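Engineer: Below are the structure tokens for one structure; questions will follow.
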Amino acid sequence: MPLSRRDFTARTVIAGTAVALTGTVGALATAPGALAAEDGTGRDELGRPCEPGYGPLVPDPAGILALPAGFAYRVLTHSGVTRLESGETTPSHHDGTAAFPGHRGVTLLVNNHELKGRRENWDRPVPLTEGLVYDPAAAGGCTVVEVRRGGEVAEWVGIAGTSTNCAGGATPWGTWLTCEENSDLAGRNGMTKDHGYVFEVDPHDRRANRDPRPIKAFGRYDHEAVVIDPRQGHAYLTEDASGPNGLLYRWTPPRDFRHGRGRLRTLAADAGVLQAAKCIDSSGRFVDDLSRATRIGTVYGVDWVDVPDRDARTVPVRKQFADGAVTRGRKLEGMWWADGGAYFVSSYARAESPGTAHDGQVWFYDPKRRTVRLTVLIGVNADPSAGGYDGPDNITVSPYGGLVIAEDGSGLQHLFGATASGRTYPLARNELNIGTPEEPEYSEFTGVCFSPDGRTLFASLQDPGILLAVTGPWRRAH
């Protein structure tokens, strides 16, 4: 049922407003459900003035990762250096990651490898492990990294022969959904099977990953990330695409479907209903693009519009809608389920978007109220090489309050946090120069997530592909 103007107004009032921060990076605030140890005035529980975060970043003598004093990192996997159980070197271009609890204190990480196109185009593609290959021509896939209590690390292939495995999402039942950000059909760019799908990878049961099957019910397009509503069973998915800009999707399961390990791969290609978001403002006017929002706390009502042809044999899904039918967003990126809804990122907006230019947004979709709220807005960073933040990508909700955001922008690359009162602080800076001394270049951060016990923050440097574990004196970040 479409939202009426009365319904939308009531839900907007209930939702309230977020707190804005104005500074060198524009305005930024986090969603109200994220906890922090301050009262919104920059003071701690005792009323003392405090700065957010853990202090300034200390340069790394090894030239990999700058961290606050008292923090340390450990390299878990390094493409071309560490090896899989089967003997091949770790694949390159790490991306989306999630952490799962294993037996006897083990942490299991599923790590995407964003490798597009044919295998021969890459020095270190994901190895074609027997029984785990979807398309033998494709270079991408996932590895599973086992971190044991004593510090030992093992790594093996979870899926191979997929393309451009960018982000994805953890499921409530303890598996990983890996997303292909590439929609080549069989016969194009050397591919032997159709791509543009989501696949399920089980870190606990290697046998469950044999004979990979795409979840065609989720649609075929340039997927970025996915989350599952643990109560209603809906899947929410982002699309990183332009010309036109991508869409936010919702998949509703069939009435008699029950989620669980391996159940998604049993679905028919047309199972359930795939829809795209259509936003309206408080006056009932259609919002064509999320870049129209210029104020923290902006709330839009959301309707959902059926996708005509989810497998997109002739026309890409995002091009199947007439003008005025759906709401678009530039570079819809990472997602994270928390606080009863889905956080999702729009990485930046420029001339390809009809609204106001920005260097990053984070939105929160509330399924109960059927609204999206703008919780993070980063103004255009005129000189990223001088500092500041731009281009948010992967995100996670911190057990210590607020959000942790991985930067994929220009110039310096950071992990940065944002408190519930709207204050930002640095967590890490990439110091691995993959360019030259005269023209330095720093890879994006990817795969940010916490261990199940909250003691370790995991993240990767995408190029060349280094998975890192960060530990230190974690606390609420004021």
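By order of appearance in the structure tokens: chains A, B, ..., then residues from 1 within every chain, and ligands from 1 in the order shown.
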Can you tell me, as number ranges by chain, what residues are no more than 12 Å from Ala277 (chain A) when counting only C-alpha atoms, ignoring any on the same chain fewer than 3 positions away?

Structural biologist: A: 2, 236-239, 246-251, 274, 280, 286-290, 300-307, 318, 321, 324-329, 365, 367, 370-372

Engineer: Let's see if you can do this: from backbone DSSP, list all helix (DSSP H, G or I) residues in region 48-236 of chain A, as a PyMOL selection string.

Structural biologist: chain A and resi 103-105+119-121+206-209+216-218

Engineer: Name all residues at most 9 Å from Gly141 (chain A) (count only C-alpha atoms; drop same-chain ones fewer than 5 positions away) and give them as an MDAnalysis selection string.

Structural biologist: chainID A and resid 111:115 125:127 133 157:165 178 180

Engineer: Pick from A:Val110, A:Leu467, A:Ala139, A:Ile228: nearest to Thr446 (chain A), with only C-alpha atoms counted?

Structural biologist: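 Once distances to Thr446 (chain A) are computed over only C-alpha atoms, the minimum belongs to A:Leu467.
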
Engineer: Excluding Met191 (chain A) and residues on its chain fewer than 5 positions from it, collect all residues at most 10 Å away from it, counting only C-alpha atoms, and give them as number ranges by chain.

Structural biologist: A: 117-119, 135-138, 161-163, 184-186

Engineer: Taking C-alpha atoms for each residue, export the selection above as a CSV table (one decimal), in the first residue's frame.

Structural biologist:
chain,number,residue,atom,x,y,z
A,117,GLY,CA,36.9,-10.1,-15.8
A,118,ARG,CA,39.0,-12.9,-17.0
A,119,ARG,CA,41.4,-14.8,-14.8
A,135,ASP,CA,32.5,-19.8,-13.9
A,136,PRO,CA,36.0,-21.0,-14.5
A,137,ALA,CA,36.7,-18.0,-16.7
A,138,ALA,CA,36.1,-15.5,-13.8
A,161,GLY,CA,34.8,-18.2,-10.5
A,162,THR,CA,32.6,-15.2,-9.6
A,163,SER,CA,33.2,-11.6,-10.8
A,184,ASP,CA,28.3,-9.5,-17.8
A,185,LEU,CA,26.2,-12.1,-19.6
A,186,ALA,CA,27.8,-15.4,-20.8

Engineer: So that I can see what lies close to Ala418 (chain A), please list as a PDB file with C-alpha atoms, in the first residue's frame the residues with an atom at most 6 Å from it, counting only C-alpha atoms and leaving out residues fewer than 2 positions away in the same chain.

Structural biologist:
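around_7.pdb was written with the following content:
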ATOM      1  CA  GLY A 402      28.290   5.139  16.533  1.00  0.00           C
ATOM      2  CA  LEU A 403      29.566   4.087  13.132  1.00  0.00           C
ATOM      3  CA  ARG A 423      31.370  14.171  15.912  1.00  0.00           C
ATOM      4  CA  THR A 424      34.004  12.454  13.779  1.00  0.00           C
TER       5      THR A 424
END

Engineer: For a quick check of understanding, using only C-alpha atoms, which of A:Trp336, A:Trp474, A:Tyr221, A:Phe257 has the smallest distance to Ser242 (chain A)?

Structural biologist: A:Tyr221

Engineer: Taking 6 positions as the minimum chain separation for residues in the same chain, which residues sit within 8 Å of region 199-213 of chain A when counting only C-alpha atoms? Answer as a PyMOL selection string.

Structural biologist: chain A and resi 100+102+108-110+131-134+144+158-159+174-179+261-262+264-265

Engineer: Give the strand (DSSP E or B) residues of region 177-300 of chain A, as DSSP finds them on the backbone, and put them as a ChimeraX atom specification.

Structural biologist: /A:177-180,198-201,223-228,235-239,246-252,273-280,286-287,289,299-300

Engineer: Take the residues from that selection and put them in a file with N, CA, C and O atoms, as a short mmCIF file (atom, residue, chain, number, x, y, z; two decimals), in the first residue's frame.

Structural biologist:
data_model
loop_
_atom_site.label_atom_id
_atom_site.label_comp_id
_atom_site.auth_asym_id
_atom_site.auth_seq_id
_atom_site.Cartn_x
_atom_site.Cartn_y
_atom_site.Cartn_z
N LEU A 177 26.70 -13.46 2.41
CA LEU A 177 26.16 -13.26 1.06
C LEU A 177 27.14 -12.38 0.31
O LEU A 177 27.34 -11.21 0.67
N THR A 178 27.78 -12.94 -0.73
CA THR A 178 28.76 -12.19 -1.50
C THR A 178 28.11 -11.68 -2.78
O THR A 178 27.38 -12.41 -3.46
N CYS A 179 28.37 -10.42 -3.11
CA CYS A 179 27.68 -9.75 -4.20
C CYS A 179 28.62 -9.49 -5.37
O CYS A 179 29.72 -8.97 -5.19
N GLU A 180 28.16 -9.80 -6.57
CA GLU A 180 28.91 -9.49 -7.79
C GLU A 180 28.54 -8.08 -8.28
O GLU A 180 27.40 -7.82 -8.62
N VAL A 198 24.00 -12.72 -6.44
CA VAL A 198 24.43 -12.90 -5.06
C VAL A 198 24.58 -14.39 -4.81
O VAL A 198 23.76 -15.19 -5.27
N PHE A 199 25.64 -14.77 -4.08
CA PHE A 199 25.89 -16.16 -3.72
C PHE A 199 26.04 -16.27 -2.20
O PHE A 199 26.53 -15.34 -1.56
N GLU A 200 25.66 -17.41 -1.64
CA GLU A 200 25.82 -17.64 -0.21
C GLU A 200 27.06 -18.48 0.05
O GLU A 200 27.28 -19.50 -0.62
N VAL A 201 27.87 -18.05 1.04
CA VAL A 201 29.08 -18.77 1.44
C VAL A 201 28.96 -19.09 2.92
O VAL A 201 28.73 -18.19 3.74
N HIS A 223 25.42 -5.61 -8.12
CA HIS A 223 25.18 -5.63 -6.68
C HIS A 223 26.36 -5.04 -5.92
O HIS A 223 27.52 -5.22 -6.30
N GLU A 224 26.06 -4.38 -4.82
CA GLU A 224 27.09 -3.90 -3.91
C GLU A 224 26.99 -4.62 -2.58
O GLU A 224 27.90 -5.32 -2.17
N ALA A 225 25.89 -4.44 -1.86
CA ALA A 225 25.77 -5.01 -0.52
C ALA A 225 24.35 -5.49 -0.28
O ALA A 225 23.42 -5.15 -1.02
N VAL A 226 24.19 -6.28 0.79
CA VAL A 226 22.87 -6.84 1.13
C VAL A 226 22.81 -7.05 2.63
O VAL A 226 23.82 -7.36 3.27
N VAL A 227 21.63 -6.82 3.19
CA VAL A 227 21.36 -7.17 4.58
C VAL A 227 20.02 -7.90 4.63
O VAL A 227 19.18 -7.74 3.73
N ILE A 228 19.81 -8.66 5.70
CA ILE A 228 18.57 -9.40 5.90
C ILE A 228 17.90 -8.89 7.17
O ILE A 228 18.53 -8.82 8.23
N ALA A 235 15.15 -8.98 2.30
CA ALA A 235 16.52 -8.64 1.96
C ALA A 235 16.52 -7.23 1.38
O ALA A 235 15.65 -6.87 0.57
N TYR A 236 17.49 -6.40 1.81
CA TYR A 236 17.67 -5.07 1.26
C TYR A 236 19.02 -5.05 0.56
O TYR A 236 20.01 -5.54 1.10
N LEU A 237 19.05 -4.48 -0.65
CA LEU A 237 20.24 -4.57 -1.48
C LEU A 237 20.55 -3.23 -2.13
O LEU A 237 19.64 -2.48 -2.51
N THR A 238 21.85 -2.91 -2.25
CA THR A 238 22.27 -1.69 -2.93
C THR A 238 22.88 -2.02 -4.28
O THR A 238 23.40 -3.11 -4.50
N GLU A 239 22.83 -1.02 -5.17
CA GLU A 239 23.36 -1.16 -6.52
C GLU A 239 24.34 -0.02 -6.78
O GLU A 239 23.97 1.16 -6.70
N GLY A 246 22.17 4.13 -9.53
CA GLY A 246 21.63 2.87 -9.03
C GLY A 246 20.45 3.04 -8.10
O GLY A 246 20.00 4.15 -7.79
N LEU A 247 19.95 1.89 -7.62
CA LEU A 247 18.72 1.84 -6.85
C LEU A 247 18.92 1.09 -5.54
O LEU A 247 19.84 0.30 -5.39
N LEU A 248 18.02 1.36 -4.59
CA LEU A 248 17.89 0.57 -3.37
C LEU A 248 16.76 -0.42 -3.58
O LEU A 248 15.66 -0.03 -4.00
N TYR A 249 17.03 -1.70 -3.30
CA TYR A 249 16.06 -2.76 -3.57
C TYR A 249 15.59 -3.44 -2.28
O TYR A 249 16.32 -3.47 -1.28
N ARG A 250 14.40 -4.01 -2.35
CA ARG A 250 13.88 -4.87 -1.30
C ARG A 250 13.35 -6.14 -1.92
O ARG A 250 12.60 -6.10 -2.89
N TRP A 251 13.77 -7.28 -1.36
CA TRP A 251 13.21 -8.57 -1.78
C TRP A 251 12.34 -9.12 -0.65
O TRP A 251 12.80 -9.23 0.49
N THR A 252 11.11 -9.44 -0.98
CA THR A 252 10.17 -10.01 -0.02
C THR A 252 10.05 -11.51 -0.29
O THR A 252 9.74 -11.92 -1.41
N VAL A 273 9.18 -11.29 -4.26
CA VAL A 273 8.95 -10.06 -5.02
C VAL A 273 10.16 -9.15 -4.86
O VAL A 273 10.56 -8.84 -3.72
N LEU A 274 10.75 -8.72 -5.97
CA LEU A 274 11.85 -7.78 -5.96
C LEU A 274 11.31 -6.40 -6.34
O LEU A 274 10.62 -6.25 -7.36
N GLN A 275 11.65 -5.40 -5.51
CA GLN A 275 11.13 -4.05 -5.72
C GLN A 275 12.24 -3.03 -5.54
O GLN A 275 13.26 -3.31 -4.92
N ALA A 276 12.02 -1.84 -6.06
CA ALA A 276 12.95 -0.72 -5.91
C ALA A 276 12.26 0.40 -5.14
O ALA A 276 11.03 0.56 -5.19
N ALA A 277 13.07 1.18 -4.42
CA ALA A 277 12.54 2.23 -3.55
C ALA A 277 12.10 3.46 -4.34
O ALA A 277 12.78 3.89 -5.28
N LYS A 278 10.99 4.02 -3.91
CA LYS A 278 10.49 5.29 -4.42
C LYS A 278 10.24 6.19 -3.21
O LYS A 278 9.45 5.84 -2.33
N CYS A 279 10.94 7.34 -3.14
CA CYS A 279 10.86 8.21 -1.98
C CYS A 279 9.96 9.42 -2.26
O CYS A 279 9.91 9.92 -3.38
N ILE A 280 9.29 9.87 -1.19
CA ILE A 280 8.50 11.09 -1.24
C ILE A 280 8.88 11.96 -0.05
O ILE A 280 9.27 11.45 1.00
N PHE A 286 7.51 13.63 -5.14
CA PHE A 286 8.46 12.58 -5.52
C PHE A 286 9.89 13.10 -5.44
O PHE A 286 10.17 14.23 -5.84
N VAL A 287 10.78 12.27 -4.92
CA VAL A 287 12.21 12.59 -4.84
C VAL A 287 12.94 11.73 -5.85
O VAL A 287 12.97 10.50 -5.73
N ASP A 289 16.22 11.66 -6.69
CA ASP A 289 17.58 11.22 -6.37
C ASP A 289 17.89 11.61 -4.93
O ASP A 289 17.51 12.69 -4.47
N VAL A 299 14.09 13.32 6.25
CA VAL A 299 13.36 12.05 6.26
C VAL A 299 12.46 11.99 5.04
O VAL A 299 11.72 12.95 4.76
N TYR A 300 12.53 10.88 4.32
CA TYR A 300 11.63 10.63 3.20
C TYR A 300 10.80 9.38 3.49
O TYR A 300 11.29 8.42 4.09
#

Engineer: Pick out the residues sitting within 10 Å of region 426-433 of chain A, and hand them over as an MDAnalysis selection string; count only C-alpha atoms, and ignore anything fewer than 2 positions along from it in its own chain.

Structural biologist: chainID A and resid 52:68 71 388:389 404:407 412:418 424 435:437 439:445 459:461 463:464 470

Engineer: Only N, CA and C atoms, please: the residues just picked out, written as a compact mmCIF listing (two decimals), in the first residue's frame.

Structural biologist:
# COMPACT_ATOMS: atom_id res chain seq x y z
N PRO A 52 36.33 13.57 20.79
CA PRO A 52 35.93 12.22 20.38
C PRO A 52 37.13 11.38 19.98
N GLY A 53 36.96 10.08 20.08
CA GLY A 53 37.97 9.18 19.56
C GLY A 53 39.08 8.87 20.53
N TYR A 54 40.25 8.53 19.97
CA TYR A 54 41.36 7.98 20.75
C TYR A 54 42.63 8.80 20.59
N GLY A 55 42.51 10.01 20.11
CA GLY A 55 43.68 10.85 19.96
C GLY A 55 44.24 10.82 18.55
N PRO A 56 45.33 11.57 18.32
CA PRO A 56 45.92 11.66 16.97
C PRO A 56 46.52 10.33 16.53
N LEU A 57 46.65 10.17 15.22
CA LEU A 57 47.25 8.97 14.65
C LEU A 57 48.77 9.08 14.69
N VAL A 58 49.40 7.98 15.05
CA VAL A 58 50.86 7.92 15.15
C VAL A 58 51.42 7.27 13.90
N PRO A 59 52.33 7.91 13.17
CA PRO A 59 52.90 7.30 11.96
C PRO A 59 53.50 5.92 12.25
N ASP A 60 53.40 5.04 11.26
CA ASP A 60 53.85 3.65 11.39
C ASP A 60 55.26 3.51 10.80
N PRO A 61 56.25 3.10 11.60
CA PRO A 61 57.60 2.90 11.04
C PRO A 61 57.63 1.90 9.90
N ALA A 62 56.68 0.94 9.91
CA ALA A 62 56.63 -0.06 8.85
C ALA A 62 55.92 0.45 7.60
N GLY A 63 55.31 1.63 7.69
CA GLY A 63 54.68 2.23 6.52
C GLY A 63 53.43 1.52 6.05
N ILE A 64 52.64 0.99 6.99
CA ILE A 64 51.41 0.32 6.60
C ILE A 64 50.18 1.01 7.18
N LEU A 65 50.14 1.16 8.51
CA LEU A 65 48.91 1.63 9.15
C LEU A 65 49.23 2.54 10.33
N ALA A 66 48.79 3.79 10.25
CA ALA A 66 48.90 4.72 11.37
C ALA A 66 47.68 4.54 12.27
N LEU A 67 47.93 4.44 13.59
CA LEU A 67 46.88 4.20 14.57
C LEU A 67 47.06 5.14 15.75
N PRO A 68 46.05 5.30 16.60
CA PRO A 68 46.24 6.09 17.82
C PRO A 68 47.22 5.38 18.76
N PHE A 71 47.32 1.50 20.30
CA PHE A 71 46.72 0.53 19.39
C PHE A 71 47.82 -0.18 18.60
N GLY A 388 40.94 15.37 6.00
CA GLY A 388 39.49 15.32 5.91
C GLY A 388 39.05 13.99 5.32
N TYR A 389 37.76 13.83 5.15
CA TYR A 389 37.22 12.56 4.68
C TYR A 389 36.38 12.77 3.43
N VAL A 404 31.58 3.08 12.25
CA VAL A 404 32.94 3.08 11.73
C VAL A 404 32.83 2.97 10.22
N ILE A 405 33.53 3.87 9.52
CA ILE A 405 33.36 4.03 8.08
C ILE A 405 34.71 3.85 7.39
N ALA A 406 34.72 3.08 6.32
CA ALA A 406 35.92 2.88 5.50
C ALA A 406 35.88 3.87 4.34
N GLU A 407 36.99 4.57 4.15
CA GLU A 407 37.06 5.61 3.14
C GLU A 407 37.57 5.06 1.81
N LEU A 412 44.42 10.91 0.87
CA LEU A 412 44.62 10.04 2.02
C LEU A 412 43.38 9.19 2.28
N GLN A 413 43.60 7.97 2.77
CA GLN A 413 42.51 7.02 3.02
C GLN A 413 42.48 6.68 4.51
N HIS A 414 41.28 6.72 5.10
CA HIS A 414 41.13 6.53 6.53
C HIS A 414 40.04 5.49 6.85
N LEU A 415 40.14 4.97 8.05
CA LEU A 415 39.00 4.48 8.79
C LEU A 415 38.65 5.59 9.77
N PHE A 416 37.39 6.00 9.79
CA PHE A 416 37.01 7.03 10.75
C PHE A 416 35.71 6.67 11.43
N GLY A 417 35.57 7.19 12.65
CA GLY A 417 34.37 6.94 13.42
C GLY A 417 33.50 8.17 13.48
N ALA A 418 32.23 7.95 13.80
CA ALA A 418 31.29 9.05 13.99
C ALA A 418 30.44 8.72 15.20
N THR A 424 33.17 13.43 14.46
CA THR A 424 34.00 12.45 13.78
C THR A 424 35.38 12.39 14.40
N GLY A 435 51.97 4.19 -5.07
CA GLY A 435 52.35 5.04 -6.20
C GLY A 435 53.84 5.30 -6.21
N THR A 436 54.22 6.55 -6.36
CA THR A 436 55.63 6.95 -6.36
C THR A 436 55.83 8.03 -5.30
N PRO A 437 57.09 8.31 -4.91
CA PRO A 437 57.32 9.41 -3.96
C PRO A 437 56.81 10.74 -4.50
N GLU A 439 54.32 11.13 -6.82
CA GLU A 439 52.87 11.05 -6.96
C GLU A 439 52.36 9.89 -6.10
N PRO A 440 52.23 10.11 -4.80
CA PRO A 440 51.80 9.02 -3.91
C PRO A 440 50.36 8.61 -4.18
N GLU A 441 50.09 7.35 -3.93
CA GLU A 441 48.74 6.80 -4.10
C GLU A 441 48.49 5.81 -2.97
N TYR A 442 47.28 5.88 -2.41
CA TYR A 442 46.93 5.03 -1.28
C TYR A 442 45.61 4.33 -1.58
N SER A 443 45.62 3.02 -1.41
CA SER A 443 44.44 2.22 -1.70
C SER A 443 43.32 2.50 -0.70
N GLU A 444 42.11 2.24 -1.11
CA GLU A 444 40.96 2.37 -0.23
C GLU A 444 41.00 1.34 0.91
N PHE A 445 40.31 1.66 2.00
CA PHE A 445 40.02 0.69 3.04
C PHE A 445 38.75 -0.08 2.67
N ALA A 459 39.92 -4.89 9.05
CA ALA A 459 39.77 -4.08 7.84
C ALA A 459 40.89 -4.47 6.88
N SER A 460 40.71 -4.12 5.61
CA SER A 460 41.71 -4.45 4.60
C SER A 460 42.14 -3.21 3.83
N LEU A 461 43.36 -3.27 3.32
CA LEU A 461 43.83 -2.37 2.28
C LEU A 461 43.60 -3.11 0.97
N ASP A 463 44.31 -2.80 -2.25
CA ASP A 463 45.42 -3.03 -3.18
C ASP A 463 46.73 -2.84 -2.41
N PRO A 464 47.53 -3.90 -2.32
CA PRO A 464 47.48 -5.16 -3.06
C PRO A 464 46.53 -6.20 -2.47
N VAL A 470 43.11 -5.07 14.16
CA VAL A 470 43.50 -3.94 15.00
C VAL A 470 42.98 -4.15 16.42
